[in-house]
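Below you'll find the structure, written out as structure tokens, and then a few comments.
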Amino acid sequence: MLLRRTVAWMLVFFYLGLCPADDAVADITQAGQRPVTIGVLAKRGTQVAIDRWSPTADYLNQQIPDLHFHILPLTFEQIPQQIQSQGIDLLLANSAIYIQSEHNFHAFRIATLINRSGNFPLASFGGVIFTRHDQPDISTLTDLKQKRFAAVNPTSLGGYLMAWRELEESGITIDSLNVDFYGTHDDVVRAVLDGEVDAGTVRTDTLERMAASDLIDLHRIRLLNPKQADDFPFLLSTRLYPEWPMAALPHTPNKLVKKVTRALLNMPHDHPAAVTSHSFGWTVPSNYQPVHVLFEVLNLPPHKIPPPTIIAWAKTNPIAAATTTASFLLIAVFLLYLAKLNHRLNHSQKCLAASMEKQQHVTDQLADNLARLRESEEKFASLAKSALDAIIMLNPQGRVEFWNLAAEKIFGYSAVQAIGMEISQWLLPAQQKPNDQTDDILASINKPESFLNGTTLELSSVRLNGELFPTEIALSSVCLNGSWHTICILRDITRRKQMETERRQMEIKLSQNHKMEALSQMASGIAHEINTPIQTITNNLRFLQEAIDDMESLFETYEPLLTGAQEITHLASQVEECKKAQEELDPDFLKEETGKAIEQSFDGAEQVTRIVRSMRVFAHPEKPTAEKSDLNKLIHDVVAISRHRWSGAATIEFDLHKPTLEADCFPGDLSQALLNLLVNAVQAVEERSDELPGVIHISSRKLPTCVEIRVGDNGLGIPSEARDHIFNPFFTTRDVGQGSGQGLTLTHDVIVRKHRGSLCFDTEMERGTVFTIRLPIHADEESPSPAVDAVLS
């Protein structure tokens, strides 16, 4: 025994000496900046756990003075939460919890506790199943059926799982008991003695320790399913399993693990920490295979075997390719097997004719072959019958020779009606011509030199009633008896096509709704923009009306002057009146201001016309095809209708390609995309808290293969955590109610999907963001996408 312990210690120290330091985690000095937390299962309650294990933490503080250890008592439910949140660095719990933590969180054991029984060390423990001594109707495990049974926790090894195994092996299923969980071993014992339940189970040494503390009287206890084990001093009802391990977690620094392991293995058996924990200290990690066996017997995670279901199998395989390939392989294997059996049958018949003396042997062989042939045919028939897709086989002449049940349901032809039909009778209606690629593939069916291997097409098919419907068909070739047969696996995709159509309609509706939302948001601003030039025109016209009235008054004054000129005697007084009227009217002022008023009126009318024209282009429904448009004009129109939005926040600088920049596009959708980028730039400028004036720069240029539009701002920039999600639906960096998160998503959809272009951005915090649009010049081309969607500065 001493030799084995010495060799084990040498192996542990050899391992610790060879194990390399973990440079990827913080070193010991850095780890010392925070306490090292040891999570302990409080099987008898929080205070008992603190009293029992705090001296162990003190011992580690003495052995590793540059660190600080402390104990954190945990319930069964708290342990996985603390491990997942990295709230603890070491774990001391029962072997079952360790096995689950090892599987779920990659915990690893570093030492095993040596329990103390008087002066004897124990490295294993078990479970105790007991009832009250005055319970006359319970003397064996079989008497527990339909009784109330107390346990600690579903994950408690000594307080539940060990007893569960013994009950199962005694023919008592755990479902036949009314099990209540009390959380701690002490509460289970009290529940049994107080008559709350009929029987219960706790880990070994619990009853003895409670009796030693005068908490219970062992004479009131009746042991069920008693067992004996060599050198094991406690009451026992189950098998023995390895004692609690001290486990380290993946995030625990490697240097820390090695220091703690050395300290625990070097703890003297008479040290106060060992005495207080009722142990002889620690030893090298035990073999926990018995616990794995227990979990396998009880069919518990991580050894739980899920029931084999079709749904579970389907989830582990890609639906389309795997189903098609698997069906083809199975059918091919069965057909090849049938051909082989037919060949053997023919050989047997020839042997029967050639040699009558072997008749009995050949007859037996034939019967055996027929039995296997029937079995294969039944398997093939079951497979074809249960398949959801139509499985059709064509003979070398291109006619149907197999038609399964799914094909009957899809097409309406029974198998009897379908046999002998040509492929053109059910795959394509006579009045519809396939495209060139489909025509070439269908024409190659059953040709000796052709071979189809998983070729997939989307075609129109026709039912018995003449109804056309879309289908997806996978074609494969198989050679049987030297002739090429074609296997067709066909699926009705009517519902899928309907969903695709609905999705496209929904996208169009969403885009139109977003456009209408933008129009409604701009309505008040546009009304103000239009009202200003209209007011100018009105004021100028009013001024012109008054000026004309005054000029008419002047003319009325001049008329007597002209008349009086004929009578010299009244000429002086008339001239004086004309001069007075002229001074009052100021003809020079009227002449100058009248010209300005007319010019301003023309400018205002032109501005109103431009805004209304821009709104008409923006709100007009799109044509189904792209049309050649002047992108510079679209940019000016978008800037014009959004003037109310940016005029108070920023100035706009233009650097547009001269004289024009034309490309095929959808003007309304592209205007919406540009408006979204412009509004996004205005919001970015408005978010600045400094007094730096806002500037939005819009440029356009023509590249060799595409056109490029850039919208940049000097705002705050896009935060790094938001850059990967900037084009995601409903994602926004602004407060609730200040943005729907759809603007950039729709912009990306319009540019990338509808225009076959690219959209990317460059951003730098405190410097601003530049969005770059690249569009193909012609609608039948595709703009080269940039290598990187965003440059993160």
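Chain labels run A, B, ... following the order of the structure tokens; each chain numbers its residues from 1, and ligands are numbered from 1 in the order shown.
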
If DSSP is run on the backbone, what residues of region 74-129 of chain A are strand (DSSP E or B)? A reply as a list of chain:residue names would be ideal.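 Matching residues for strand (DSSP E or B) in region 74-129 of chain A are A:Leu74, A:Leu90, A:Leu91, A:Leu92, A:Phe108, A:Arg109, A:Ile110, A:Ala111, A:Thr112, A:Leu113, A:Ile114, A:Asn115, A:Arg116, A:Ser117, A:Phe120, A:Pro121, A:Leu122, A:Ser124, A:Phe125, A:Gly127, A:Val128, A:Ile129.
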
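CA of Val189 (chain A) is found 15.0 Å from CA of Leu236 (chain A).
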
How far is it from CA of Thr155 (chain A) to CA of Lys227 (chain A), in Å with one decimal?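 CA of Lys227 (chain A) lies at a distance of 23.0 Å from CA of Thr155 (chain A).
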
Counting only C-alpha atoms, what is within 12 Å of Asp364 (chain A), bar same-chain residues fewer than 6 positions away, as a PDB file with N, CA, C and O atoms, in the first residue's frame?
```
ATOM      1  N   LEU A 345     -30.595 -17.556 -60.175  1.00  0.00           N
ATOM      2  CA  LEU A 345     -31.768 -18.389 -60.439  1.00  0.00           C
ATOM      3  C   LEU A 345     -31.681 -19.042 -61.840  1.00  0.00           C
ATOM      4  O   LEU A 345     -31.970 -20.240 -62.006  1.00  0.00           O
ATOM      5  N   SER A 348     -29.252 -21.812 -61.714  1.00  0.00           N
ATOM      6  CA  SER A 348     -29.814 -22.998 -61.052  1.00  0.00           C
ATOM      7  C   SER A 348     -30.737 -23.771 -61.987  1.00  0.00           C
ATOM      8  O   SER A 348     -30.751 -25.014 -61.994  1.00  0.00           O
ATOM      9  N   GLN A 349     -31.501 -23.051 -62.782  1.00  0.00           N
ATOM     10  CA  GLN A 349     -32.398 -23.729 -63.718  1.00  0.00           C
ATOM     11  C   GLN A 349     -31.617 -24.518 -64.785  1.00  0.00           C
ATOM     12  O   GLN A 349     -32.004 -25.629 -65.160  1.00  0.00           O
ATOM     13  N   LEU A 352     -30.341 -27.622 -63.254  1.00  0.00           N
ATOM     14  CA  LEU A 352     -31.422 -28.592 -63.059  1.00  0.00           C
ATOM     15  C   LEU A 352     -31.666 -29.390 -64.334  1.00  0.00           C
ATOM     16  O   LEU A 352     -31.882 -30.612 -64.296  1.00  0.00           O
ATOM     17  N   LYS A 358     -28.935 -33.879 -59.387  1.00  0.00           N
ATOM     18  CA  LYS A 358     -28.756 -32.775 -58.428  1.00  0.00           C
ATOM     19  C   LYS A 358     -30.059 -32.012 -58.222  1.00  0.00           C
ATOM     20  O   LYS A 358     -30.058 -30.889 -57.745  1.00  0.00           O
ATOM     21  N   LEU A 370     -35.270 -17.848 -53.789  1.00  0.00           N
ATOM     22  CA  LEU A 370     -36.582 -17.220 -53.879  1.00  0.00           C
ATOM     23  C   LEU A 370     -36.959 -16.528 -52.571  1.00  0.00           C
ATOM     24  O   LEU A 370     -37.562 -15.452 -52.564  1.00  0.00           O
ATOM     25  N   ALA A 371     -36.603 -17.136 -51.461  1.00  0.00           N
ATOM     26  CA  ALA A 371     -36.915 -16.527 -50.163  1.00  0.00           C
ATOM     27  C   ALA A 371     -36.174 -15.208 -49.987  1.00  0.00           C
ATOM     28  O   ALA A 371     -36.736 -14.191 -49.541  1.00  0.00           O
TER      29      ALA A 371
END
```

For region 660-691 of chain A versus region 643-656 of chain A, which residues have an atom no more than 10 Å away, and what is each residue's nearest atom pair and distance in Å rounded to one decimal, using only C-alpha atoms, chain-then-number order, as a Markdown table?
```
| residue | atom | partner | partner_atom | distance |
| --- | --- | --- | --- | --- |
| A:Thr660 | CA | A:Leu656 | CA | 8.2 |
| A:Leu661 | CA | A:Leu656 | CA | 8.2 |
| A:Leu678 | CA | A:Trp646 | CA | 8.5 |
| A:Val679 | CA | A:Arg645 | CA | 7.5 |
| A:Ala681 | CA | A:Trp646 | CA | 9.1 |
| A:Val682 | CA | A:Trp646 | CA | 6.0 |
| A:Gln683 | CA | A:Ala649 | CA | 8.8 |
| A:Val685 | CA | A:Ala649 | CA | 7.1 |
| A:Glu686 | CA | A:Ala649 | CA | 6.4 |
```

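Comparing the minimum interatomic distances between Ala390 (chain A) and each of A:Cys488, A:Leu330, A:Ile216, A:Ala418, counting only C-alpha atoms, we find that A:Cys488 sits nearest.
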
With a distance cut-off of 8 Å and only C-alpha atoms, select the neighbouring residues of region 280-292 of chain A, excluding the residue or stretch itself and same-chain residues fewer than 6 positions from it, and output the selection as a list in words.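 Near neighbours after the sequence-gap exclusion: Ala8, Trp9, Val12, Ser95, Ala96, Ile99, Arg109, Ile110, Ala111, Thr112, Leu113, Ile114, Asn115, Arg116, Pro121, Tyr241, Pro242, Pro245, Leu264, Leu265, Asn266, Met267, Pro268, His269, Asp270, Ala274 and His303 of chain A.
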